[in-house]
Structure formats: C-alpha cells, structure tokens
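upload_18.tsv follows; it contains TSV, C-alpha atoms.
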```
chain	number	residue	atom	x	y	z
A	70	MET	CA	231.09	-28.60	179.32
A	71	THR	CA	227.50	-29.23	180.27
A	72	LYS	CA	226.04	-27.75	183.36
A	73	GLU	CA	225.57	-31.17	184.84
A	74	LYS	CA	229.20	-32.14	184.47
A	75	SER	CA	230.68	-28.92	185.85
A	76	LYS	CA	228.52	-29.32	188.90
A	77	LYS	CA	229.77	-32.80	189.39
A	78	THR	CA	233.47	-31.97	188.98
A	79	LEU	CA	233.17	-29.13	191.43
A	80	PHE	CA	230.97	-30.88	193.93
A	81	TYR	CA	232.83	-34.17	194.28
A	82	PRO	CA	236.30	-32.78	195.16
A	83	VAL	CA	234.81	-30.34	197.64
A	84	ALA	CA	232.70	-33.02	199.27
A	85	PHE	CA	235.73	-35.31	199.33
A	86	MET	CA	237.85	-32.70	201.08
A	87	VAL	CA	235.10	-31.92	203.57
A	88	VAL	CA	234.64	-35.56	204.49
A	89	MET	CA	238.40	-36.09	204.79
A	90	SER	CA	238.74	-33.00	206.96
A	91	MET	CA	235.97	-34.14	209.21
A	92	ILE	CA	237.37	-37.62	209.74
A	93	MET	CA	240.91	-36.47	210.38
A	94	SER	CA	240.02	-33.49	212.53
A	95	LEU	CA	237.79	-35.68	214.63
A	96	ALA	CA	240.56	-38.24	215.10
A	97	LEU	CA	243.12	-35.58	216.04
A	98	ALA	CA	240.72	-33.75	218.34
A	99	THR	CA	239.96	-37.00	220.16
A	100	LEU	CA	243.63	-37.81	220.55
A	101	ASN	CA	244.36	-34.29	221.72
A	102	GLN	CA	241.63	-34.58	224.33
A	103	VAL	CA	242.89	-37.95	225.53
A	104	THR	CA	246.50	-36.83	225.89
A	105	TYR	CA	245.71	-33.33	227.18
A	106	GLY	CA	246.22	-34.27	230.83
A	107	ILE	CA	249.48	-36.08	230.21
A	108	ILE	CA	250.96	-33.26	228.15
A	109	LYS	CA	249.85	-30.72	230.73
A	110	GLU	CA	251.57	-32.74	233.43
A	111	GLN	CA	254.75	-33.05	231.37
A	112	GLU	CA	254.81	-29.30	230.80
A	113	GLU	CA	254.31	-28.63	234.48
A	114	ASN	CA	257.15	-31.00	235.24
A	115	GLN	CA	259.29	-29.14	232.75
A	116	THR	CA	258.54	-25.84	234.50
A	117	ARG	CA	259.42	-27.36	237.85
A	118	MET	CA	262.68	-28.69	236.47
A	119	SER	CA	263.51	-25.20	235.23
A	120	ILE	CA	262.79	-23.67	238.63
A	121	LEU	CA	265.03	-26.17	240.41
A	122	SER	CA	267.79	-25.75	237.89
A	123	ALA	CA	267.64	-21.94	238.26
A	124	LEU	CA	267.87	-22.36	242.03
A	125	GLY	CA	270.80	-24.70	241.53
A	126	ILE	CA	269.14	-27.61	243.32
A	127	GLU	CA	270.02	-31.14	242.28
A	128	TYR	CA	267.35	-33.74	241.56
A	129	ASN	CA	267.47	-37.22	240.11
A	130	SER	CA	263.92	-38.25	239.33
A	131	SER	CA	260.43	-36.87	239.01
A	132	GLU	CA	259.72	-38.21	242.52
A	133	ASP	CA	262.57	-36.01	243.73
A	134	ILE	CA	260.99	-33.02	242.06
A	135	SER	CA	257.56	-33.65	243.58
A	136	ARG	CA	259.11	-34.19	247.00
A	137	ILE	CA	261.15	-30.98	246.90
A	138	PHE	CA	258.15	-29.00	245.75
A	139	ALA	CA	255.97	-30.50	248.45
A	140	GLU	CA	258.45	-30.08	251.30
A	141	ASN	CA	260.68	-27.11	250.52
A	142	ILE	CA	258.91	-24.78	248.14
A	143	VAL	CA	256.07	-22.37	248.75
A	144	GLU	CA	254.52	-20.02	246.26
A	145	GLY	CA	254.27	-16.25	246.51
A	146	ILE	CA	252.68	-13.56	244.41
A	147	TRP	CA	254.77	-10.91	242.71
A	148	ASP	CA	253.03	-8.46	240.41
A	149	ASP	CA	250.27	-10.94	239.44
A	150	GLN	CA	252.91	-13.58	238.77
A	151	THR	CA	253.79	-16.60	240.84
A	152	TYR	CA	257.26	-16.78	242.29
A	153	PHE	CA	258.76	-19.57	244.37
A	154	ILE	CA	260.37	-19.49	247.79
A	155	TYR	CA	262.81	-22.24	248.62
A	156	LYS	CA	262.88	-23.02	252.34
A	157	GLU	CA	265.01	-25.25	254.52
A	158	ASP	CA	263.81	-25.89	258.08
A	159	GLY	CA	261.31	-23.09	257.74
A	160	GLU	CA	263.93	-20.56	256.80
A	161	GLU	CA	263.87	-18.78	253.45
A	162	ILE	CA	266.98	-19.69	251.49
A	163	SER	CA	266.34	-18.45	247.97
A	164	TYR	CA	263.75	-17.20	245.52
A	165	ALA	CA	262.95	-18.21	241.96
A	166	PHE	CA	261.12	-15.57	239.97
A	167	PRO	CA	259.68	-15.59	236.45
A	168	ILE	CA	261.44	-13.72	233.67
A	169	VAL	CA	259.06	-13.15	230.78
A	170	GLY	CA	259.46	-10.84	227.83
A	171	SER	CA	260.03	-10.66	224.12
A	172	ALA	CA	263.26	-11.57	222.38
A	173	VAL	CA	263.82	-11.70	218.63
A	174	TRP	CA	261.10	-14.06	217.39
A	175	GLY	CA	258.73	-14.25	220.29
A	176	THR	CA	258.22	-14.49	223.99
A	177	VAL	CA	260.91	-15.96	226.18
A	178	GLU	CA	259.80	-17.57	229.41
A	179	ALA	CA	262.45	-18.28	231.99
A	180	PHE	CA	263.13	-18.47	235.71
A	181	GLY	CA	265.86	-16.60	237.52
A	182	ALA	CA	266.90	-17.15	241.11
A	183	MET	CA	268.57	-15.13	243.86
A	184	ASN	CA	269.43	-15.86	247.47
A	185	ALA	CA	267.26	-14.57	250.31
A	186	GLU	CA	269.84	-11.88	251.19
A	187	ARG	CA	269.47	-10.52	247.65
A	188	THR	CA	273.22	-10.45	247.09
A	189	VAL	CA	273.84	-13.24	244.60
A	190	PHE	CA	272.09	-14.25	241.38
A	191	LEU	CA	271.92	-18.03	241.53
A	192	GLY	CA	271.13	-18.92	237.95
A	193	VAL	CA	268.70	-18.85	235.07
A	194	ASP	CA	266.81	-21.52	233.14
A	195	PHE	CA	264.62	-21.18	230.08
A	196	VAL	CA	261.20	-22.80	229.96
A	197	ARG	CA	260.00	-21.71	226.54
A	198	HIS	CA	261.32	-19.64	223.67
A	199	SER	CA	261.05	-19.45	219.90
A	200	GLU	CA	264.55	-18.36	218.96
A	201	THR	CA	266.31	-19.84	215.91
A	202	PRO	CA	267.60	-23.35	216.70
A	203	GLY	CA	271.37	-23.41	216.62
A	204	LEU	CA	271.67	-19.62	216.89
A	205	GLY	CA	269.51	-17.77	219.41
A	206	GLY	CA	268.24	-21.16	220.54
A	207	ARG	CA	271.63	-21.73	222.13
A	208	ILE	CA	270.51	-19.71	225.16
A	209	GLU	CA	269.41	-23.18	226.28
A	210	ASP	CA	272.95	-24.52	226.11
A	211	ASP	CA	274.55	-25.32	229.43
A	212	TRP	CA	277.69	-23.29	228.81
A	213	TYR	CA	275.55	-20.18	228.37
A	214	LYS	CA	273.22	-20.71	231.33
A	215	GLU	CA	275.95	-21.81	233.73
A	216	GLN	CA	277.73	-18.48	233.31
A	217	PHE	CA	274.96	-16.76	235.23
A	218	ARG	CA	275.56	-18.69	238.43
A	219	GLY	CA	276.86	-16.76	241.42
A	220	ILE	CA	276.82	-13.28	239.95
A	221	ASP	CA	277.08	-10.48	242.49
A	222	ILE	CA	273.95	-8.29	242.48
A	223	THR	CA	274.63	-6.03	245.47
A	224	GLY	CA	275.26	-2.94	243.34
A	225	ASP	CA	272.94	-1.29	240.87
A	226	MET	CA	271.76	-2.14	237.33
A	227	PRO	CA	273.18	-3.60	235.15
A	228	TYR	CA	274.19	-6.61	237.15
A	229	VAL	CA	275.08	-8.84	234.22
A	230	VAL	CA	277.27	-7.41	231.46
A	231	TYR	CA	278.69	-9.11	228.37
A	232	ARG	CA	282.42	-9.28	227.97
A	233	PRO	CA	284.61	-7.54	226.82
A	234	ALA	CA	282.75	-4.44	228.10
A	235	PRO	CA	284.14	-3.09	231.41
A	236	GLY	CA	282.80	-5.10	234.30
A	237	GLY	CA	281.74	-7.88	231.94
A	238	ASN	CA	280.95	-11.20	233.61
A	239	VAL	CA	279.37	-13.42	230.92
A	240	ASP	CA	280.03	-14.25	227.26
A	241	THR	CA	277.55	-13.48	224.52
A	242	ILE	CA	276.50	-16.02	221.85
A	243	SER	CA	278.32	-15.44	218.57
A	244	GLY	CA	275.92	-15.05	215.67
A	245	ALA	CA	272.98	-14.37	217.97
A	246	THR	CA	273.62	-10.84	219.15
A	247	SER	CA	270.00	-9.71	219.21
A	248	THR	CA	268.80	-12.69	221.21
A	249	SER	CA	271.74	-12.38	223.59
A	250	ASN	CA	271.06	-8.71	224.19
A	251	ALA	CA	267.31	-9.17	224.60
A	252	VAL	CA	267.81	-11.98	227.11
A	253	LEU	CA	270.41	-10.01	229.05
A	254	ALA	CA	268.15	-6.96	229.26
A	255	LEU	CA	265.28	-9.12	230.51
A	256	ILE	CA	267.44	-10.74	233.16
A	257	ASN	CA	268.79	-7.42	234.40
A	258	GLU	CA	265.38	-5.75	234.52
A	259	ASN	CA	263.77	-8.64	236.35
A	260	ILE	CA	266.56	-8.91	238.89
A	261	HIS	CA	266.18	-5.20	239.53
A	262	GLU	CA	262.42	-5.30	239.88
A	263	PHE	CA	262.35	-8.41	242.01
A	264	LYS	CA	265.06	-6.99	244.27
A	265	ASN	CA	263.06	-3.79	244.74
A	266	PHE	CA	259.93	-5.79	245.41
A	267	LYS	CA	261.70	-7.75	248.13
A	268	GLU	CA	263.42	-4.69	249.59
A	269	GLU	CA	260.05	-3.01	249.93
A	270	GLY	CA	259.07	-5.95	252.06
A	271	GLY	CA	256.99	-7.88	249.52
A	272	ALA	CA	256.10	-11.33	250.76
B	212	MET	CA	254.43	-57.36	194.86
B	213	ALA	CA	257.85	-56.80	193.46
B	214	ASN	CA	260.42	-58.73	195.41
B	215	LEU	CA	260.57	-57.70	199.07
B	216	LYS	CA	264.35	-57.85	199.03
B	217	GLU	CA	264.43	-55.65	195.96
B	218	THR	CA	262.20	-53.01	197.64
B	219	PHE	CA	264.53	-52.78	200.61
B	220	ALA	CA	267.64	-52.80	198.44
B	221	LYS	CA	266.15	-49.84	196.60
B	222	GLY	CA	265.15	-47.94	199.73
B	223	PHE	CA	268.45	-48.46	201.47
B	224	PHE	CA	270.97	-48.28	198.62
B	225	LYS	CA	270.09	-48.14	194.94
B	226	ASP	CA	267.42	-45.48	195.27
B	227	ASN	CA	268.24	-44.17	198.75
B	228	PRO	CA	266.26	-40.98	199.41
B	229	ILE	CA	269.23	-39.12	200.86
B	230	PHE	CA	272.40	-40.04	199.03
B	231	ILE	CA	270.89	-40.89	195.65
B	232	GLN	CA	267.81	-38.70	195.42
B	233	ILE	CA	269.19	-35.96	197.71
B	234	LEU	CA	265.80	-35.55	199.40
B	235	GLY	CA	265.11	-34.69	203.01
B	236	ILE	CA	268.64	-33.51	203.70
B	237	CYS	CA	267.46	-30.50	205.70
B	238	SER	CA	266.45	-32.61	208.67
B	239	ALA	CA	269.32	-35.02	207.99
B	240	LEU	CA	271.71	-32.17	208.64
B	241	ALA	CA	269.83	-30.82	211.64
B	242	VAL	CA	269.17	-33.76	213.95
B	243	THR	CA	272.29	-35.85	213.45
B	244	ASN	CA	274.44	-34.54	216.31
B	245	LEU	CA	273.27	-37.37	218.60
B	246	MET	CA	272.46	-40.94	217.61
B	247	LEU	CA	269.39	-41.08	219.82
B	248	ASN	CA	267.88	-38.01	218.11
B	249	SER	CA	268.56	-39.57	214.73
B	250	LEU	CA	267.02	-42.87	215.77
B	251	ILE	CA	263.80	-41.27	217.00
B	252	MET	CA	263.62	-39.02	213.94
B	253	GLY	CA	264.21	-42.06	211.72
B	254	ILE	CA	261.51	-44.11	213.43
B	255	GLY	CA	259.18	-41.12	213.19
B	256	LEU	CA	259.80	-40.82	209.48
B	257	ILE	CA	259.34	-44.55	208.90
B	258	PHE	CA	256.00	-44.35	210.73
B	259	VAL	CA	254.79	-41.31	208.80
B	260	THR	CA	255.97	-42.54	205.41
B	261	ALA	CA	254.53	-46.04	205.80
B	262	PHE	CA	251.13	-44.97	207.07
B	263	SER	CA	250.81	-42.00	204.71
B	264	GLU	CA	251.61	-44.21	201.75
B	265	MET	CA	249.15	-46.81	202.94
B	266	THR	CA	246.37	-44.26	203.38
B	267	VAL	CA	247.04	-42.60	200.05
B	268	SER	CA	246.95	-46.01	198.40
B	269	LEU	CA	243.73	-47.03	200.16
B	270	ILE	CA	241.79	-44.04	198.90
B	271	ARG	CA	243.60	-43.66	195.56
B	272	ASN	CA	240.66	-44.82	193.48
B	273	ARG	CA	238.26	-42.39	195.11
B	274	THR	CA	240.60	-39.41	195.18
B	275	PRO	CA	239.86	-36.81	192.48
B	276	LYS	CA	243.06	-36.71	190.43
B	277	HIS	CA	243.46	-32.93	190.26
B	278	ILE	CA	243.40	-32.41	194.03
B	279	ARG	CA	245.43	-35.48	194.93
B	280	MET	CA	248.51	-33.56	196.10
B	281	MET	CA	246.40	-31.50	198.46
B	282	ILE	CA	244.98	-34.72	199.88
B	283	GLN	CA	248.47	-36.21	200.22
B	284	THR	CA	249.77	-33.22	202.14
B	285	PHE	CA	246.69	-33.46	204.29
B	286	ILE	CA	247.25	-37.12	205.10
B	287	ILE	CA	250.95	-36.55	205.80
B	288	SER	CA	250.13	-33.66	208.15
B	289	PHE	CA	247.66	-35.86	209.95
B	290	TYR	CA	250.28	-38.49	210.77
B	291	VAL	CA	252.92	-35.91	211.65
B	292	ILE	CA	250.61	-34.25	214.18
B	293	LEU	CA	249.85	-37.70	215.56
B	294	LEU	CA	253.59	-38.27	216.01
B	295	ASP	CA	254.11	-34.83	217.50
B	296	ILE	CA	251.39	-35.34	220.11
B	297	PHE	CA	252.80	-38.75	220.95
B	298	LEU	CA	256.30	-37.37	221.51
B	299	LYS	CA	255.00	-34.47	223.60
B	300	ALA	CA	252.99	-36.78	225.82
B	301	TYR	CA	255.39	-39.67	226.29
B	302	MET	CA	258.86	-38.43	225.34
B	303	PRO	CA	258.95	-34.74	226.33
B	304	ALA	CA	262.75	-34.54	226.44
B	305	MET	CA	262.96	-35.95	222.93
B	306	SER	CA	260.22	-33.61	221.76
B	307	ARG	CA	262.29	-30.68	222.99
B	308	ALA	CA	265.50	-32.00	221.48
B	309	LEU	CA	263.97	-32.48	218.04
B	310	GLY	CA	262.20	-29.13	218.32
B	311	PRO	CA	260.62	-27.90	215.11
B	312	TYR	CA	261.97	-30.77	213.00
B	313	VAL	CA	259.13	-33.12	213.86
B	314	GLY	CA	256.61	-30.64	212.48
B	315	LEU	CA	258.83	-30.16	209.45
B	316	ILE	CA	258.49	-33.84	208.52
B	317	ILE	CA	255.35	-32.60	206.72
B	318	THR	CA	257.54	-30.83	204.20
B	319	ASN	CA	259.97	-33.73	203.84
B	320	CYS	CA	260.08	-34.48	200.12
B	321	ILE	CA	260.70	-38.18	200.69
B	322	ILE	CA	257.14	-38.81	201.85
B	323	MET	CA	255.44	-36.70	199.22
B	324	GLY	CA	257.72	-38.22	196.59
B	325	ARG	CA	256.86	-41.78	197.56
B	326	CYS	CA	253.13	-41.04	197.86
B	327	GLU	CA	253.13	-39.56	194.39
B	328	ALA	CA	255.52	-42.01	192.71
B	329	PHE	CA	254.51	-45.26	194.37
B	330	ALA	CA	251.39	-45.20	196.52
B	331	GLN	CA	249.23	-43.71	193.75
B	332	ASN	CA	249.65	-46.84	191.63
B	333	ASN	CA	250.08	-49.69	194.07
B	334	THR	CA	248.15	-51.67	196.64
B	335	ALA	CA	248.01	-50.57	200.25
B	336	LYS	CA	250.19	-53.43	201.48
B	337	ASP	CA	252.91	-52.75	198.92
B	338	ALA	CA	252.77	-49.04	199.66
B	339	PHE	CA	253.14	-49.67	203.39
B	340	ILE	CA	256.23	-51.84	202.85
B	341	ASP	CA	257.63	-49.31	200.40
B	342	GLY	CA	257.22	-46.64	203.07
B	343	ILE	CA	259.13	-48.73	205.59
B	344	ALA	CA	261.92	-49.35	203.08
B	345	TYR	CA	262.39	-45.72	202.10
B	346	GLY	CA	261.90	-44.38	205.63
B	347	GLY	CA	264.42	-46.99	206.71
B	348	GLY	CA	266.85	-45.79	204.06
B	349	TYR	CA	266.57	-42.30	205.49
B	350	ALA	CA	267.03	-43.52	209.08
B	351	PHE	CA	270.03	-45.57	207.99
B	352	VAL	CA	271.87	-42.55	206.57
B	353	LEU	CA	270.95	-40.40	209.59
B	354	LEU	CA	272.38	-43.00	211.94
B	355	LEU	CA	275.51	-43.26	209.81
B	356	ILE	CA	276.12	-39.50	210.00
B	357	SER	CA	275.25	-39.23	213.68
B	358	PHE	CA	277.48	-42.20	214.50
B	359	VAL	CA	280.52	-40.27	213.30
B	360	ARG	CA	279.36	-36.95	214.72
B	361	GLU	CA	278.54	-38.24	218.19
B	362	LEU	CA	281.62	-40.44	218.37
B	363	LEU	CA	284.06	-37.68	217.42
B	364	GLY	CA	282.10	-34.74	218.83
B	365	PHE	CA	281.19	-36.12	222.26
B	366	GLY	CA	283.13	-39.38	222.49
B	367	THR	CA	279.87	-41.22	223.16
B	368	LEU	CA	277.42	-43.49	221.34
B	369	PHE	CA	273.73	-43.30	222.29
B	370	GLY	CA	274.94	-41.35	225.33
B	371	TYR	CA	277.38	-44.04	226.52
B	372	THR	CA	281.02	-43.04	226.71
B	373	VAL	CA	283.08	-45.25	224.42
B	374	MET	CA	286.20	-43.20	223.83
B	375	PRO	CA	289.19	-43.52	226.19
B	376	ALA	CA	289.55	-41.00	229.02
B	377	GLY	CA	292.16	-38.82	227.31
B	378	PHE	CA	289.88	-38.21	224.30
B	379	VAL	CA	289.53	-34.58	223.23
B	380	PRO	CA	286.11	-33.94	221.63
B	381	TRP	CA	286.26	-32.54	218.13
B	382	THR	CA	283.88	-29.61	218.57
B	383	LEU	CA	283.42	-29.07	214.85
B	384	MET	CA	281.58	-32.40	214.66
B	385	VAL	CA	278.83	-31.12	216.95
B	386	MET	CA	278.31	-28.02	214.85
B	387	PRO	CA	276.15	-27.91	211.69
B	388	PRO	CA	279.02	-27.72	209.15
B	389	ALA	CA	280.16	-31.22	210.13
B	390	ALA	CA	276.87	-32.62	208.84
B	391	PHE	CA	277.54	-31.02	205.46
B	392	PHE	CA	281.02	-32.51	205.23
B	393	LEU	CA	279.87	-35.97	206.29
B	394	LEU	CA	276.86	-35.99	204.01
B	395	ALA	CA	279.06	-34.95	201.09
B	396	ILE	CA	281.52	-37.75	201.87
B	397	ILE	CA	278.69	-40.29	202.08
B	398	ILE	CA	277.26	-39.17	198.74
B	399	TRP	CA	280.71	-39.28	197.19
B	400	VAL	CA	281.38	-42.79	198.45
B	401	ALA	CA	277.92	-44.00	197.48
B	402	LYS	CA	278.19	-42.63	193.95
B	403	ASN	CA	281.49	-44.43	193.50
B	404	ILE	CA	280.50	-47.76	194.97
B	405	LEU	CA	277.04	-48.18	193.45
B	406	PRO	CA	276.81	-49.24	189.78
B	407	LYS	CA	276.46	-46.33	187.38
B	408	GLU	CA	273.22	-47.14	185.53
B	409	GLU	CA	271.28	-47.66	188.74
B	410	ASN	CA	272.27	-44.17	189.81
B	411	SER	CA	270.86	-42.40	186.79
B	412	GLU	CA	267.73	-44.51	186.86
B	413	GLY	CA	266.99	-43.65	190.48
B	414	ALA	CA	267.89	-39.98	190.26
B	415	LYS	CA	265.01	-37.55	190.65
B	416	THR	CA	264.93	-33.88	191.30
B	417	ALA	CA	263.80	-32.54	194.63
```
When written as structure tokens, how does the structure in this file appear?
Amino acid sequence: MTKEKSKKTLFYPVAFMVVMSMIMSLALATLNQVTYGIIKEQEENQTRMSILSALGIEYNSSEDISRIFAENIVEGIWDDQTYFIYKEDGEEISYAFPIVGSAVWGTVEAFGAMNAERTVFLGVDFVRHSETPGLGGRIEDDWYKEQFRGIDITGDMPYVVYRPAPGGNVDTISGATSTSNAVLALINENIHEFKNFKEEGGA
Amino acid sequence: MANLKETFAKGFFKDNPIFIQILGICSALAVTNLMLNSLIMGIGLIFVTAFSEMTVSLIRNRTPKHIRMMIQTFIISFYVILLDIFLKAYMPAMSRALGPYVGLIITNCIIMGRCEAFAQNNTAKDAFIDGIAYGGGYAFVLLLISFVRELLGFGTLFGYTVMPAGFVPWTLMVMPPAAFFLLAIIIWVAKNILPKEENSEGAKTA
C-alpha cells in the first residue's frame, strides 16, 4: 500500500465520522435546548403529583395541582431539603418530606407524608428510581405503595415492618428482597428523623 | 420499486420481523401488557426504522464500507434520542410507562437488520417504505399480543372496560411469562399457516 493511499483510507472515514457527529450532535443539542423548558415543567409536575399522592390528596387535572400548590401548600426547609406543609384554612394538616437514598442500582427519590400530630404515616410515592423493571421497579405499583397508608408511627423505630415478622404491617415484593429492604429502611429512617425534627420544634 | 403490496405483505407476514425472523422479541415481551404501550412503542419503532433506513440509504454512496455499521448505529441512536426527547416532553406518562425500552430501540435488531439488508442497496424512498412495512409488522404483532394480555389480564382494551362486570382478571396475563406463551403460540400458528418455502427464504439469524 502506498503512503498516499493509506492516508486516504484513514483520513476519509475519520473525516466522515467527524462530520456526521457534528451534524447530529448539533441537531440533538438544538432540540434538547428547545424542549428543555417543557421537560423541566413536566418533571416538576411529576414531583408535585408524587407529593399529592403521598399526602393522599385527590386531583383531577394539572390545573387542580397548580391550584392546590398555590392555595394549600407552603414550603419549609428540613436539613437543606425542601419539605411541604399542607394547610387548610391556615391550619397545618400534614407534611410531605423527601426520602432520598440508595437502593440496589441507584438513588431512590420519593416523598413520604405524615399528619401534623405526627401519629400516622399517610403514604409514600416514588419520584425517581433505577430499580429493575418488573422486579424492584414494582415499588411503583399501587398495591405496594397503598400498603403504607395510615400506618401508626406513635411508637419508636421501626414503624414499618414486613410481614410475617412480628408486628409486620406491609408485604414485601417477591423476587426483589434487596430493593424492598432498602426502601423500607429509607422510609423508617426518614420518618424517624423527620419526626424528631418536628418534635424539636423545627418549622 | 418492487411492488408496494409485496413490501407490506413481506413486512407484515411472509418476512415478519417477530414471528418469522424472531428479531426484537425482547421489547415485544416487555411492553405488551397494555395495548396503548404497544401502540406507542410500535409507532416509535416505525418512525425510527423508516427514517434510519432513509438516512442510511441517502448517504450509502458516500459511506466508507468498512465503517458502515458504526454509522448505522449512529444514525439509529440519533432517531431514538429524538423519539425519547419527544416522549419526555409531550407524553411524560408514556415515557415513564415505557421506561428503558425506548432507549433500547437502538439495540433492536430489526432496524439494524433492515438498514444492512435493504437500505444499503436501495433508494431512499424505497428504504423509507420498507421501514414502515417492517416497523408496521412489528407493531402488528405487539398489538396482537397486547390485545390478548390486556383483555384477559385487565378486562380492558386501550384502557376501556369491555369485559362484563363479573369478570375475574387472569393475573398471569399481566406478568412477563404470559408474553412468552402468547409469542410462542403466535409463532406456532404463523409457521403452520404460512407456506413453507417462504418461511425458509425469509429466515435469518438474529
């Protein structure tokens, strides 16, 4: 192979790839920029839906969500994180607090909620997770989440226990033991810490 | 162009990517618990296959032959990301329901197979139509499977209740194994109905 030819066969494919990369990256970057605001808004909406569902508040449309957030919900700061206070007629009814921590494959982000008297856990809803779809991913399933509604948290840790252990009040997910355990530990810890924070008079 | 009718007959039946070539069954098993999921996934795949094939065909004479597969993967990824962004922005619920499977369209052998087997040697217009036909064949089988799964598993179709009030959902249908059983039945039926020689001609390995 002559020097000339080897240069050509190496140069052309590389140049071709570079040009292709540039065109496609530019197109995708532009699109990403254009839709950035919309996606951001959708994600925020998703978070709000999770908060309401943890609190156990019904909503029918995105107008509903905006209205509830504008009229009934104020934000508070807990340990550098934002938590949400649900009010009716100026009176604090319940709190939704973030539950963030690692599970099997990555970070789980969720919201938990308790009433203002700190006696009942109202529910949990997951915003983001990277558990295996169909296995650990089933923490998103309604049957799993709904079990956490109305759990008594007047005593001490652990508040939520998997059956059939003594005092068990929820069912684990078959085939996803690690995810189930990680999620349960996170929920218990965060209930505990948020309760303490509120008992110490945190606003 | 070879006969339009013939192209679609091939994509949907004689050379169907799923039940004849057994390609792309991973996602076929995963997203078929609800008809709506299958429909969106099917439309997504039609879009990606058609446009990828068209693009590959458009630049086929300039593409260096030894790096062509790299370029194909690149083009496919481009359209899949496009689709992913679109779903995230305008159909967030669907984006969540389909989860990682939209991104995994990149690795769907149907698209790569058609780019390599058809788009490399045909005009852009033919390649585009070929993509619609084969993507459509995939969507068709997905809808077939999800029709049975949703009907028996939830008693609904596209979310609308169609079964009588006393209907007891057959939970197995919602779970992954049901997709295996149904896909196997579809392949079995297809292999028996379709003429023998067409089968062997269309068969390719994944």
For chain B, the nearest of the candidates A:Phe266, A:Phe80, A:Tyr228, A:Phe217, counting all atoms listed in the file | A:Phe80
Selection: 9 Å around Ile397 in chain B, all atoms listed in the file, excl. self and same-chain fewer than 5 positions, as a ChimeraX atom specification | /B:230,352,355-356,392,402
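Distances here use only C-alpha atoms; by that measure, the residue among B:Pro380, B:Pro375, B:Gly253, B:Pro303 closest to Glu110 in chain A is B:Pro303.
Those residues that approach Phe289 in chain B to within 9 Å, counting all atoms listed in the file, are Met93, Ser94 and Leu97 of chain A; Ser263 and Ile317 of chain B; same-chain residues fewer than 6 positions away are not listed.
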Show which residues sit within 12 Å of Ala172 in chain A, as a ChimeraX atom specification. Count all atoms listed in the file, and ignore same-chain residues fewer than 6 positions away.
-> /A:178-179,197-201,205-206,208,245-256
Skipping near chain neighbours, those fewer than 2 positions away, what residues fall within 9 Å of Ile286 in chain B using all atoms listed in the file, listed as a PDB file with C-alpha atoms, in the coordinates of the input?
```
ATOM      1  CA  MET A  89     238.400 -36.090 204.790  1.00  0.00           C
ATOM      2  CA  MET A  93     240.910 -36.470 210.380  1.00  0.00           C
TER       3      MET A  93
ATOM      4  CA  PHE B 262     251.130 -44.970 207.070  1.00  0.00           C
ATOM      5  CA  SER B 263     250.810 -42.000 204.710  1.00  0.00           C
ATOM      6  CA  GLU B 264     251.610 -44.210 201.750  1.00  0.00           C
ATOM      7  CA  THR B 266     246.370 -44.260 203.380  1.00  0.00           C
ATOM      8  CA  VAL B 267     247.040 -42.600 200.050  1.00  0.00           C
ATOM      9  CA  MET B 281     246.400 -31.500 198.460  1.00  0.00           C
ATOM     10  CA  ILE B 282     244.980 -34.720 199.880  1.00  0.00           C
ATOM     11  CA  GLN B 283     248.470 -36.210 200.220  1.00  0.00           C
ATOM     12  CA  THR B 284     249.770 -33.220 202.140  1.00  0.00           C
ATOM     13  CA  SER B 288     250.130 -33.660 208.150  1.00  0.00           C
ATOM     14  CA  PHE B 289     247.660 -35.860 209.950  1.00  0.00           C
ATOM     15  CA  TYR B 290     250.280 -38.490 210.770  1.00  0.00           C
ATOM     16  CA  VAL B 291     252.920 -35.910 211.650  1.00  0.00           C
TER      17      VAL B 291
END
```
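A straight line drawn from CA of Leu405 in chain B to CA of Ala389 in chain B is 24.0 Å long.
Residue nearest Gly342 in chain B, chosen from B:Leu234, B:Ile278, B:Ile229, B:Ile257 and counting only C-alpha atoms: B:Ile257.
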Residue hits in chain B, query chain A, radius 10 Å, only C-alpha atoms, as a PyMOL selection string = chain B and resi 241+273-279+281-282+285-286+288-290+292-293+296-304+307+309-311+386-387
If you count all atoms listed in the file, which residues fall within 7 Å of Asp221 in chain A, apart from same-chain ones fewer than 6 positions away, as an MDAnalysis selection string?
-> chainID A and resid 188:190
Which protein, DNA or RNA residues are at most 9 Å from (273.6, -28.3, 236.9) in the file's coordinates when you count all atoms listed in the file, listed as a short mmCIF file (atom, residue, chain, number, x, y, z; two decimals) with C-alpha atoms, in the coordinates of the input?
```
data_model
loop_
_atom_site.label_atom_id
_atom_site.label_comp_id
_atom_site.auth_asym_id
_atom_site.auth_seq_id
_atom_site.Cartn_x
_atom_site.Cartn_y
_atom_site.Cartn_z
CA SER A 122 267.79 -25.75 237.89
CA ALA A 123 267.64 -21.94 238.26
CA GLY A 125 270.80 -24.70 241.53
CA ILE A 126 269.14 -27.61 243.32
CA GLU A 127 270.02 -31.14 242.28
CA ASP A 211 274.55 -25.32 229.43
CA GLU A 215 275.95 -21.81 233.73
#
```
Please identify all polymer residues lying at most 12 Å from the point (254.4, -44.2, 192.9) (file coordinates), using only C-alpha atoms, and present the result as a list in words.
-> Glu264, Met265, Val267, Ser268, Arg271, Ile321, Ile322, Met323, Gly324, Arg325, Cys326, Glu327, Ala328, Phe329, Ala330, Gln331, Asn332, Asn333, Thr334, Ala335, Asp337, Ala338, Phe339, Asp341 and Gly342 of chain B
Output C-alpha atoms of each residue in that selection to a file, as a tab-separated table (two decimals), keeping the file's coordinate frame.
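Wrote part.tsv, looks like this:
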```
chain	number	residue	atom	x	y	z
B	264	GLU	CA	251.61	-44.21	201.75
B	265	MET	CA	249.15	-46.81	202.94
B	267	VAL	CA	247.04	-42.60	200.05
B	268	SER	CA	246.95	-46.01	198.40
B	271	ARG	CA	243.60	-43.66	195.56
B	321	ILE	CA	260.70	-38.18	200.69
B	322	ILE	CA	257.14	-38.81	201.85
B	323	MET	CA	255.44	-36.70	199.22
B	324	GLY	CA	257.72	-38.22	196.59
B	325	ARG	CA	256.86	-41.78	197.56
B	326	CYS	CA	253.13	-41.04	197.86
B	327	GLU	CA	253.13	-39.56	194.39
B	328	ALA	CA	255.52	-42.01	192.71
B	329	PHE	CA	254.51	-45.26	194.37
B	330	ALA	CA	251.39	-45.20	196.52
B	331	GLN	CA	249.23	-43.71	193.75
B	332	ASN	CA	249.65	-46.84	191.63
B	333	ASN	CA	250.08	-49.69	194.07
B	334	THR	CA	248.15	-51.67	196.64
B	335	ALA	CA	248.01	-50.57	200.25
B	337	ASP	CA	252.91	-52.75	198.92
B	338	ALA	CA	252.77	-49.04	199.66
B	339	PHE	CA	253.14	-49.67	203.39
B	341	ASP	CA	257.63	-49.31	200.40
B	342	GLY	CA	257.22	-46.64	203.07
```
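CA of Gly181 in chain A is positioned 11.3 Å from CA of Glu258 in chain A.
Across the model, the gap from CA of Val88 in chain A to CA of Gly314 in chain B is 23.9 Å.
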For Lys216 in chain B, which residue out of B:Met374, B:Leu354, B:Ala344, B:Leu393 is the nearest one, using only C-alpha atoms?
-> B:Ala344
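Between Ile134 in chain A and the residues A:Asp210, A:Glu113, A:Asp149, A:Glu160, the shortest atom-to-atom distance, using all atoms listed in the file, involves A:Glu113.
Closest to Met226 in chain A among A:Asp158, A:Asp133, A:Glu262, A:Asp240 is A:Glu262, based on all atoms listed in the file.
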